[in-house]
Amino acid sequence: MSKVYESVNNQNQIQEAEKNFDQVYMHEKPYTGKAPVKGTYKDSAMTLIKGYVGSGILAMPFSFYVGGWLLSIFIFLISAYMLILCVHYLIEVANAENKEDQGLTEVAEVTYGEKGKQVTKVILIAYQLGKAVAYLIFFISFFAHIFSNADSQSGAGNWIYLIMAFCIVLPLSFIDNMARFAKLSLFANTLILIGLVYITFYNFYQILEGDGIKENVMNLAHFEQFPMIIGVTAYGFGVLPLAFAIRVTMSEPTQFKNLFNVVSYFNLGLFLTFTLLSVWGMGSRMESQQIILFCLDKSPLSYIIQICYAFGLICSYPLQVLPAFQQIERIEKLKSYINPELKYSSFRRLAIRSLINLILGLIGYSIPKFAYFVNILGAIGGASLNFIFPILIHKKYFEKDELKRKSKFTYYGILTFGICGGLCSFIYTIVKLTSH
């Protein structure tokens, strides 16, 4: 009898250890084993805003410029609305399950089993690491723009800029819990807000001056460029992986839908207003520059604003790599290698993350165009995670629930838009990159 009790007790201890280990890598509990940190409504809102207003908004004016602002408004609003709707669908599934640690891969597992979980995990990792590469491309371009006035659209600058970017972002990538980003997000949001306000007033000044305003305003539509708008929108507004990472760390996950709606529609207005003013005020300058921040004049104040915005984005880098590290560090072989119970586990984990960051930096160094990379990332990863997966999961989960099941027109309409839009954006970007 005692042997049976001992066996059961050991099994319970093993299960508890696995649960604790998984909590570390779902970032419900910090890696150090300290008490879990839960995010408040306000803290979570700040982090989500930071996830939206990052590098995507800097590429949006270029996409509106090449596509024509009138056509771009139409495509942007449709794309953004569908992206928001898809997050709503996955929140419905997660709320229906009502389980702790209900992340994106767990929702996929509920509907499509282990295969669905693994496919989602692979694409999630690739997409989030791709967003991290986009940030590194920006950092390298920023340092080149500030220190040498070189061609800041290219990642092929001096190696020193890559090393500078690597030294800054590496320490930030070791933060473990999304809820711990609250103060950092507030600081980053303040820096970025300063940059956006300055650029907005600068745009007003350019519009009032009338320098090229007529040409910019008459730039209404270029239908052959519509894939650029879809891809950049999917990148800039495709926050589903980050949204679920934030939801897991909220003290009241059921409040997340309301929080997401408030933040999303606020950013919808922000994106649209900022982008239109940028196109009307500085549209002609974007023929030679894809990042609107670098279209400012070369005055000391402009350089200060650019530095503020860049540091705001640097604080956003952990938000991009954390969901990917979350999944990578739960791979079975790595779990046993970096188990907190083992000696030097922290050092091993640091080495793995440093290696991943180094690889991302080398990829970013070799990419020639920021906006086109953002577009192709939105076309592949953004379309898969933010359009296709939510519809397939929601459709299967609620297939027998007539109240929550949507119409076939809704399901297949969003699927068609996501697949066709993503494919067109991918082909468009490949053609543009190979023609340069």
# chains A, B, ... in the order shown; residues from 1 in each chain; ligands from 1
$ residues_around --residues "range 401-405 of chain A" --least-positions-apart "5" --cutoff "12 Å" --atoms "only C-alpha atoms" --output "compact mmCIF listing (two decimals) with N, CA and C atoms, in the first residue's frame"
# COMPACT_ATOMS: atom_id res chain seq x y z
N HIS A 88 -11.07 38.90 -32.20
CA HIS A 88 -12.32 38.65 -31.46
C HIS A 88 -12.70 37.17 -31.50
N TYR A 89 -12.55 36.57 -32.66
CA TYR A 89 -12.93 35.16 -32.81
C TYR A 89 -12.09 34.26 -31.90
N LEU A 90 -10.80 34.52 -31.86
CA LEU A 90 -9.94 33.68 -31.01
C LEU A 90 -10.18 33.96 -29.53
N GLU A 92 -13.06 34.61 -28.27
CA GLU A 92 -14.27 33.84 -27.99
C GLU A 92 -13.93 32.39 -27.66
N VAL A 93 -13.02 31.81 -28.43
CA VAL A 93 -12.61 30.42 -28.19
C VAL A 93 -11.90 30.31 -26.85
N ALA A 96 -14.31 30.66 -24.00
CA ALA A 96 -15.16 29.47 -23.88
C ALA A 96 -14.43 28.34 -23.17
N ILE A 391 -9.80 32.07 -38.33
CA ILE A 391 -11.04 31.62 -38.98
C ILE A 391 -11.17 30.10 -38.91
N LEU A 392 -10.09 29.38 -39.22
CA LEU A 392 -10.14 27.92 -39.19
C LEU A 392 -10.42 27.41 -37.77
N ILE A 393 -9.82 28.03 -36.78
CA ILE A 393 -10.02 27.61 -35.38
C ILE A 393 -11.44 27.90 -34.92
N HIS A 394 -11.92 29.12 -35.17
CA HIS A 394 -13.27 29.49 -34.74
C HIS A 394 -14.33 28.65 -35.44
N LYS A 395 -14.16 28.42 -36.72
CA LYS A 395 -15.12 27.64 -37.50
C LYS A 395 -15.24 26.22 -36.96
N LYS A 396 -14.12 25.60 -36.64
CA LYS A 396 -14.14 24.22 -36.15
C LYS A 396 -14.66 24.14 -34.71
N THR A 410 -19.03 35.00 -44.12
CA THR A 410 -18.04 35.66 -43.25
C THR A 410 -16.75 34.87 -43.20
N TYR A 411 -16.87 33.57 -42.93
CA TYR A 411 -15.69 32.71 -42.82
C TYR A 411 -14.87 32.72 -44.12
$ residues_around --residues "range 130-135 of chain A" --least-positions-apart "4" --cutoff "7 Å" --atoms "only C-alpha atoms" --output "list in words"
Ser55, Ala126, Phe139, Tyr317, Gln320, Val321, Leu360, Gly361, Ile363, Gly364, Phe370, Val374 and Leu377 of chain A
$ write_last_selection --atoms "N, CA, C and O atoms" --output "PDB file, in the first residue's frame"
ATOM      1  N   SER A  55       7.331  49.849 -35.325  1.00  0.00           N
ATOM      2  CA  SER A  55       7.962  50.099 -36.622  1.00  0.00           C
ATOM      3  C   SER A  55       6.949  50.127 -37.761  1.00  0.00           C
ATOM      4  O   SER A  55       7.198  50.730 -38.804  1.00  0.00           O
ATOM      5  N   ALA A 126       8.460  31.897 -36.291  1.00  0.00           N
ATOM      6  CA  ALA A 126       9.019  32.530 -37.481  1.00  0.00           C
ATOM      7  C   ALA A 126       8.534  33.972 -37.636  1.00  0.00           C
ATOM      8  O   ALA A 126       9.315  34.879 -37.962  1.00  0.00           O
ATOM      9  N   PHE A 139      16.992  49.695 -36.657  1.00  0.00           N
ATOM     10  CA  PHE A 139      18.076  50.194 -35.802  1.00  0.00           C
ATOM     11  C   PHE A 139      19.357  50.423 -36.605  1.00  0.00           C
ATOM     12  O   PHE A 139      20.031  51.444 -36.436  1.00  0.00           O
ATOM     13  N   TYR A 317      11.535  46.145 -28.665  1.00  0.00           N
ATOM     14  CA  TYR A 317      12.151  44.926 -29.198  1.00  0.00           C
ATOM     15  C   TYR A 317      11.814  43.687 -28.372  1.00  0.00           C
ATOM     16  O   TYR A 317      11.492  42.633 -28.939  1.00  0.00           O
ATOM     17  N   GLN A 320       8.655  41.815 -29.237  1.00  0.00           N
ATOM     18  CA  GLN A 320       8.643  41.024 -30.460  1.00  0.00           C
ATOM     19  C   GLN A 320       9.296  39.660 -30.266  1.00  0.00           C
ATOM     20  O   GLN A 320       8.813  38.653 -30.788  1.00  0.00           O
ATOM     21  N   VAL A 321      10.380  39.609 -29.511  1.00  0.00           N
ATOM     22  CA  VAL A 321      11.109  38.342 -29.369  1.00  0.00           C
ATOM     23  C   VAL A 321      10.555  37.472 -28.247  1.00  0.00           C
ATOM     24  O   VAL A 321      10.738  36.251 -28.261  1.00  0.00           O
ATOM     25  N   LEU A 360      19.556  36.822 -35.875  1.00  0.00           N
ATOM     26  CA  LEU A 360      18.589  37.829 -36.323  1.00  0.00           C
ATOM     27  C   LEU A 360      19.305  39.094 -36.796  1.00  0.00           C
ATOM     28  O   LEU A 360      18.918  39.704 -37.798  1.00  0.00           O
ATOM     29  N   GLY A 361      20.352  39.475 -36.072  1.00  0.00           N
ATOM     30  CA  GLY A 361      21.109  40.660 -36.462  1.00  0.00           C
ATOM     31  C   GLY A 361      21.780  40.503 -37.811  1.00  0.00           C
ATOM     32  O   GLY A 361      21.776  41.428 -38.631  1.00  0.00           O
ATOM     33  N   ILE A 363      20.781  38.557 -40.241  1.00  0.00           N
ATOM     34  CA  ILE A 363      19.728  38.594 -41.271  1.00  0.00           C
ATOM     35  C   ILE A 363      19.334  40.050 -41.544  1.00  0.00           C
ATOM     36  O   ILE A 363      19.213  40.473 -42.692  1.00  0.00           O
ATOM     37  N   GLY A 364      19.123  40.822 -40.464  1.00  0.00           N
ATOM     38  CA  GLY A 364      18.756  42.224 -40.626  1.00  0.00           C
ATOM     39  C   GLY A 364      19.815  43.023 -41.361  1.00  0.00           C
ATOM     40  O   GLY A 364      19.505  43.923 -42.143  1.00  0.00           O
ATOM     41  N   PHE A 370      13.655  48.240 -45.858  1.00  0.00           N
ATOM     42  CA  PHE A 370      12.830  48.090 -44.663  1.00  0.00           C
ATOM     43  C   PHE A 370      11.363  47.839 -45.000  1.00  0.00           C
ATOM     44  O   PHE A 370      10.755  46.879 -44.530  1.00  0.00           O
ATOM     45  N   VAL A 374       9.008  44.467 -44.361  1.00  0.00           N
ATOM     46  CA  VAL A 374       7.790  44.542 -43.563  1.00  0.00           C
ATOM     47  C   VAL A 374       6.611  43.982 -44.353  1.00  0.00           C
ATOM     48  O   VAL A 374       5.770  43.242 -43.829  1.00  0.00           O
ATOM     49  N   LEU A 377       6.842  40.139 -44.736  1.00  0.00           N
ATOM     50  CA  LEU A 377       6.572  39.516 -43.439  1.00  0.00           C
ATOM     51  C   LEU A 377       5.076  39.521 -43.147  1.00  0.00           C
ATOM     52  O   LEU A 377       4.512  38.520 -42.675  1.00  0.00           O
TER      53      LEU A 377
END
$ residues_around --residues "Arg348 in chain A" --least-positions-apart "3" --cutoff "10 Å" --atoms "only C-alpha atoms" --output "PDB file with all heavy atoms, in the first residue's frame"
ATOM      1  N   LEU A 334      15.313  21.492 -25.479  1.00  0.00           N
ATOM      2  CA  LEU A 334      15.782  22.705 -24.828  1.00  0.00           C
ATOM      3  C   LEU A 334      15.298  22.783 -23.383  1.00  0.00           C
ATOM      4  O   LEU A 334      16.002  23.296 -22.509  1.00  0.00           O
ATOM      5  CB  LEU A 334      15.312  23.938 -25.596  1.00  0.00           C
ATOM      6  CG  LEU A 334      16.117  24.312 -26.840  1.00  0.00           C
ATOM      7  CD1 LEU A 334      15.551  25.569 -27.475  1.00  0.00           C
ATOM      8  CD2 LEU A 334      17.580  24.521 -26.489  1.00  0.00           C
ATOM      9  N   TYR A 337      17.637  21.035 -21.324  1.00  0.00           N
ATOM     10  CA  TYR A 337      18.961  21.661 -21.326  1.00  0.00           C
ATOM     11  C   TYR A 337      19.013  22.899 -20.432  1.00  0.00           C
ATOM     12  O   TYR A 337      20.039  23.188 -19.816  1.00  0.00           O
ATOM     13  CB  TYR A 337      19.330  22.043 -22.766  1.00  0.00           C
ATOM     14  CG  TYR A 337      20.689  22.674 -22.924  1.00  0.00           C
ATOM     15  CD1 TYR A 337      21.855  21.922 -22.781  1.00  0.00           C
ATOM     16  CD2 TYR A 337      20.810  24.033 -23.198  1.00  0.00           C
ATOM     17  CE1 TYR A 337      23.107  22.509 -22.923  1.00  0.00           C
ATOM     18  CE2 TYR A 337      22.050  24.627 -23.343  1.00  0.00           C
ATOM     19  CZ  TYR A 337      23.202  23.860 -23.201  1.00  0.00           C
ATOM     20  OH  TYR A 337      24.439  24.442 -23.333  1.00  0.00           O
ATOM     21  N   ILE A 338      17.891  23.636 -20.350  1.00  0.00           N
ATOM     22  CA  ILE A 338      17.881  24.890 -19.580  1.00  0.00           C
ATOM     23  C   ILE A 338      16.943  24.818 -18.385  1.00  0.00           C
ATOM     24  O   ILE A 338      16.472  25.852 -17.891  1.00  0.00           O
ATOM     25  CB  ILE A 338      17.497  26.086 -20.484  1.00  0.00           C
ATOM     26  CG1 ILE A 338      16.122  25.859 -21.111  1.00  0.00           C
ATOM     27  CG2 ILE A 338      18.530  26.329 -21.548  1.00  0.00           C
ATOM     28  CD1 ILE A 338      15.639  27.037 -21.930  1.00  0.00           C
ATOM     29  N   ASN A 339      16.646  23.627 -17.925  1.00  0.00           N
ATOM     30  CA  ASN A 339      15.784  23.457 -16.753  1.00  0.00           C
ATOM     31  C   ASN A 339      16.355  24.232 -15.568  1.00  0.00           C
ATOM     32  O   ASN A 339      17.539  24.098 -15.244  1.00  0.00           O
ATOM     33  CB  ASN A 339      15.683  21.967 -16.408  1.00  0.00           C
ATOM     34  CG  ASN A 339      14.577  21.700 -15.405  1.00  0.00           C
ATOM     35  OD1 ASN A 339      14.456  22.378 -14.395  1.00  0.00           O
ATOM     36  ND2 ASN A 339      13.764  20.698 -15.697  1.00  0.00           N
ATOM     37  N   LEU A 342      18.800  22.713 -13.022  1.00  0.00           N
ATOM     38  CA  LEU A 342      20.170  22.349 -13.369  1.00  0.00           C
ATOM     39  C   LEU A 342      21.155  23.478 -13.051  1.00  0.00           C
ATOM     40  O   LEU A 342      20.796  24.651 -13.017  1.00  0.00           O
ATOM     41  CB  LEU A 342      20.258  21.994 -14.858  1.00  0.00           C
ATOM     42  CG  LEU A 342      19.396  20.820 -15.334  1.00  0.00           C
ATOM     43  CD1 LEU A 342      19.519  20.666 -16.845  1.00  0.00           C
ATOM     44  CD2 LEU A 342      19.797  19.529 -14.632  1.00  0.00           C
ATOM     45  N   LYS A 343      22.412  23.069 -12.879  1.00  0.00           N
ATOM     46  CA  LYS A 343      23.477  24.027 -12.626  1.00  0.00           C
ATOM     47  C   LYS A 343      23.778  24.829 -13.895  1.00  0.00           C
ATOM     48  O   LYS A 343      23.748  24.278 -15.005  1.00  0.00           O
ATOM     49  CB  LYS A 343      24.734  23.284 -12.153  1.00  0.00           C
ATOM     50  CG  LYS A 343      25.816  24.187 -11.594  1.00  0.00           C
ATOM     51  CD  LYS A 343      26.976  23.365 -11.065  1.00  0.00           C
ATOM     52  CE  LYS A 343      28.060  24.252 -10.456  1.00  0.00           C
ATOM     53  NZ  LYS A 343      29.205  23.452  -9.949  1.00  0.00           N
ATOM     54  N   TYR A 344      24.031  26.116 -13.763  1.00  0.00           N
ATOM     55  CA  TYR A 344      24.342  27.014 -14.884  1.00  0.00           C
ATOM     56  C   TYR A 344      23.195  27.117 -15.894  1.00  0.00           C
ATOM     57  O   TYR A 344      23.416  27.430 -17.065  1.00  0.00           O
ATOM     58  CB  TYR A 344      25.614  26.564 -15.619  1.00  0.00           C
ATOM     59  CG  TYR A 344      26.829  26.447 -14.741  1.00  0.00           C
ATOM     60  CD1 TYR A 344      27.533  25.245 -14.652  1.00  0.00           C
ATOM     61  CD2 TYR A 344      27.286  27.530 -13.988  1.00  0.00           C
ATOM     62  CE1 TYR A 344      28.651  25.121 -13.844  1.00  0.00           C
ATOM     63  CE2 TYR A 344      28.406  27.423 -13.178  1.00  0.00           C
ATOM     64  CZ  TYR A 344      29.080  26.215 -13.096  1.00  0.00           C
ATOM     65  OH  TYR A 344      30.180  26.104 -12.298  1.00  0.00           O
ATOM     66  N   SER A 345      21.958  26.834 -15.476  1.00  0.00           N
ATOM     67  CA  SER A 345      20.829  26.896 -16.411  1.00  0.00           C
ATOM     68  C   SER A 345      20.623  28.315 -16.944  1.00  0.00           C
ATOM     69  O   SER A 345      20.298  28.503 -18.118  1.00  0.00           O
ATOM     70  CB  SER A 345      19.548  26.399 -15.737  1.00  0.00           C
ATOM     71  OG  SER A 345      19.252  27.193 -14.596  1.00  0.00           O
ATOM     72  N   ALA A 351      23.010  32.054 -23.273  1.00  0.00           N
ATOM     73  CA  ALA A 351      23.782  31.734 -24.482  1.00  0.00           C
ATOM     74  C   ALA A 351      22.866  31.458 -25.661  1.00  0.00           C
ATOM     75  O   ALA A 351      23.124  31.908 -26.791  1.00  0.00           O
ATOM     76  CB  ALA A 351      24.680  30.523 -24.217  1.00  0.00           C
ATOM     77  N   ILE A 352      21.766  30.727 -25.432  1.00  0.00           N
ATOM     78  CA  ILE A 352      20.830  30.403 -26.505  1.00  0.00           C
ATOM     79  C   ILE A 352      20.167  31.672 -27.040  1.00  0.00           C
ATOM     80  O   ILE A 352      20.076  31.882 -28.260  1.00  0.00           O
ATOM     81  CB  ILE A 352      19.768  29.395 -26.014  1.00  0.00           C
ATOM     82  CG1 ILE A 352      20.428  28.029 -25.786  1.00  0.00           C
ATOM     83  CG2 ILE A 352      18.626  29.271 -27.028  1.00  0.00           C
ATOM     84  CD1 ILE A 352      19.521  27.014 -25.133  1.00  0.00           C
ATOM     85  N   ARG A 353      19.703  32.526 -26.143  1.00  0.00           N
ATOM     86  CA  ARG A 353      19.056  33.764 -26.582  1.00  0.00           C
ATOM     87  C   ARG A 353      20.048  34.688 -27.296  1.00  0.00           C
ATOM     88  O   ARG A 353      19.680  35.365 -28.266  1.00  0.00           O
ATOM     89  CB  ARG A 353      18.432  34.486 -25.381  1.00  0.00           C
ATOM     90  CG  ARG A 353      17.211  33.775 -24.826  1.00  0.00           C
ATOM     91  CD  ARG A 353      16.414  34.678 -23.919  1.00  0.00           C
ATOM     92  NE  ARG A 353      15.178  34.043 -23.496  1.00  0.00           N
ATOM     93  CZ  ARG A 353      14.195  34.659 -22.850  1.00  0.00           C
ATOM     94  NH1 ARG A 353      14.304  35.939 -22.564  1.00  0.00           N
ATOM     95  NH2 ARG A 353      13.102  34.004 -22.495  1.00  0.00           N
ATOM     96  N   SER A 354      21.277  34.719 -26.827  1.00  0.00           N
ATOM     97  CA  SER A 354      22.297  35.549 -27.476  1.00  0.00           C
ATOM     98  C   SER A 354      22.566  35.053 -28.892  1.00  0.00           C
ATOM     99  O   SER A 354      22.703  35.852 -29.832  1.00  0.00           O
ATOM    100  CB  SER A 354      23.599  35.527 -26.663  1.00  0.00           C
ATOM    101  OG  SER A 354      23.399  36.048 -25.374  1.00  0.00           O
TER     102      SER A 354
END
$ atom_distance --atom1 "CA of Ser435 in chain A" --atom2 "CA of Phe223 in chain A"
19.3 Å
$ atom_distance --atom1 "CA of Trp69 in chain A" --atom2 "CA of Tyr309 in chain A"
24.5 Å
$ select_by_dssp --residues "range 58-287 of chain A" --states "alpha helix (DSSP H)" --output "PyMOL selection string"
chain A and resi 58-67+69-97+104-147+159-172+182-209+213-217+226-237+240-249+256-282
$ closest_residue --among "A:Gly421, A:Pro323, A:Pro318, A:Pro390" --to "Leu170 in chain A" --atoms "only C-alpha atoms"
A:Pro318
$ atom_distance --atom1 "CA of Leu385 in chain A" --atom2 "CA of Ser264 in chain A"
17.3 Å
$ closest_atom_pairs --of "range 309-374 of chain A" --to "range 97-115 of chain A" --cutoff "12 Å" --atoms "only C-alpha atoms" --output "Markdown table"
| residue | atom | partner | partner_atom | distance |
| --- | --- | --- | --- | --- |
| A:Pro323 | CA | A:Leu104 | CA | 10.0 |
| A:Ala324 | CA | A:Thr105 | CA | 11.6 |
| A:Gln326 | CA | A:Gly103 | CA | 10.5 |
| A:Gln327 | CA | A:Thr105 | CA | 8.9 |
| A:Arg330 | CA | A:Thr105 | CA | 11.7 |
$ write_last_selection --atoms "N, CA, C and O atoms" --output "PDB file, in the first residue's frame"
ATOM      1  N   PRO A 323       7.391  36.424 -27.337  1.00  0.00           N
ATOM      2  CA  PRO A 323       6.517  35.310 -27.717  1.00  0.00           C
ATOM      3  C   PRO A 323       7.268  34.183 -28.440  1.00  0.00           C
ATOM      4  O   PRO A 323       6.920  33.003 -28.298  1.00  0.00           O
ATOM      5  N   ALA A 324       8.308  34.539 -29.208  1.00  0.00           N
ATOM      6  CA  ALA A 324       9.090  33.512 -29.909  1.00  0.00           C
ATOM      7  C   ALA A 324       9.944  32.722 -28.924  1.00  0.00           C
ATOM      8  O   ALA A 324       9.979  31.483 -28.962  1.00  0.00           O
ATOM      9  N   GLN A 326       9.322  32.327 -25.883  1.00  0.00           N
ATOM     10  CA  GLN A 326       8.338  31.581 -25.113  1.00  0.00           C
ATOM     11  C   GLN A 326       8.146  30.175 -25.682  1.00  0.00           C
ATOM     12  O   GLN A 326       8.075  29.190 -24.946  1.00  0.00           O
ATOM     13  N   GLN A 327       8.033  30.110 -27.004  1.00  0.00           N
ATOM     14  CA  GLN A 327       7.778  28.826 -27.660  1.00  0.00           C
ATOM     15  C   GLN A 327       9.058  28.015 -27.868  1.00  0.00           C
ATOM     16  O   GLN A 327       9.066  26.796 -27.683  1.00  0.00           O
ATOM     17  N   ARG A 330      10.245  26.031 -24.919  1.00  0.00           N
ATOM     18  CA  ARG A 330       9.389  24.911 -24.489  1.00  0.00           C
ATOM     19  C   ARG A 330       9.589  23.674 -25.365  1.00  0.00           C
ATOM     20  O   ARG A 330       8.913  22.669 -25.169  1.00  0.00           O
TER      21      ARG A 330
END
$ closest_residue --among "A:Ser185, A:Gln118, A:Asn267, A:Ser299" --to "Leu77 in chain A" --atoms "only C-alpha atoms"
A:Asn267
$ closest_atom_pairs --of "range 38-92 of chain A" --to "range 280-298 of chain A" --cutoff "8 Å" --atoms "only C-alpha atoms" --output "Markdown table"
| residue | atom | partner | partner_atom | distance |
| --- | --- | --- | --- | --- |
| A:Leu58 | CA | A:Ile291 | CA | 5.5 |
| A:Ala59 | CA | A:Ile291 | CA | 5.6 |
| A:Pro61 | CA | A:Ile292 | CA | 6.7 |
| A:Phe62 | CA | A:Gln290 | CA | 5.6 |
| A:Tyr65 | CA | A:Gly283 | CA | 6.1 |
$ write_last_selection --atoms "N, CA, C and O atoms" --output "short mmCIF file (atom, residue, chain, number, x, y, z; two decimals), in the first residue's frame"
data_model
loop_
_atom_site.label_atom_id
_atom_site.label_comp_id
_atom_site.auth_asym_id
_atom_site.auth_seq_id
_atom_site.Cartn_x
_atom_site.Cartn_y
_atom_site.Cartn_z
N LEU A 58 5.80 53.47 -39.17
CA LEU A 58 6.82 54.19 -39.93
C LEU A 58 6.82 53.80 -41.41
O LEU A 58 7.23 54.58 -42.26
N ALA A 59 6.38 52.57 -41.70
CA ALA A 59 6.33 52.11 -43.09
C ALA A 59 4.97 52.39 -43.74
O ALA A 59 4.86 52.37 -44.96
N PRO A 61 3.14 55.25 -44.14
CA PRO A 61 3.06 56.35 -45.10
C PRO A 61 3.63 55.99 -46.47
O PRO A 61 3.09 56.41 -47.50
N PHE A 62 4.72 55.21 -46.49
CA PHE A 62 5.30 54.81 -47.78
C PHE A 62 4.32 53.95 -48.56
O PHE A 62 4.18 54.11 -49.79
N TYR A 65 1.70 56.13 -49.96
CA TYR A 65 2.24 56.96 -51.04
C TYR A 65 2.31 56.19 -52.35
O TYR A 65 1.87 56.69 -53.39
#
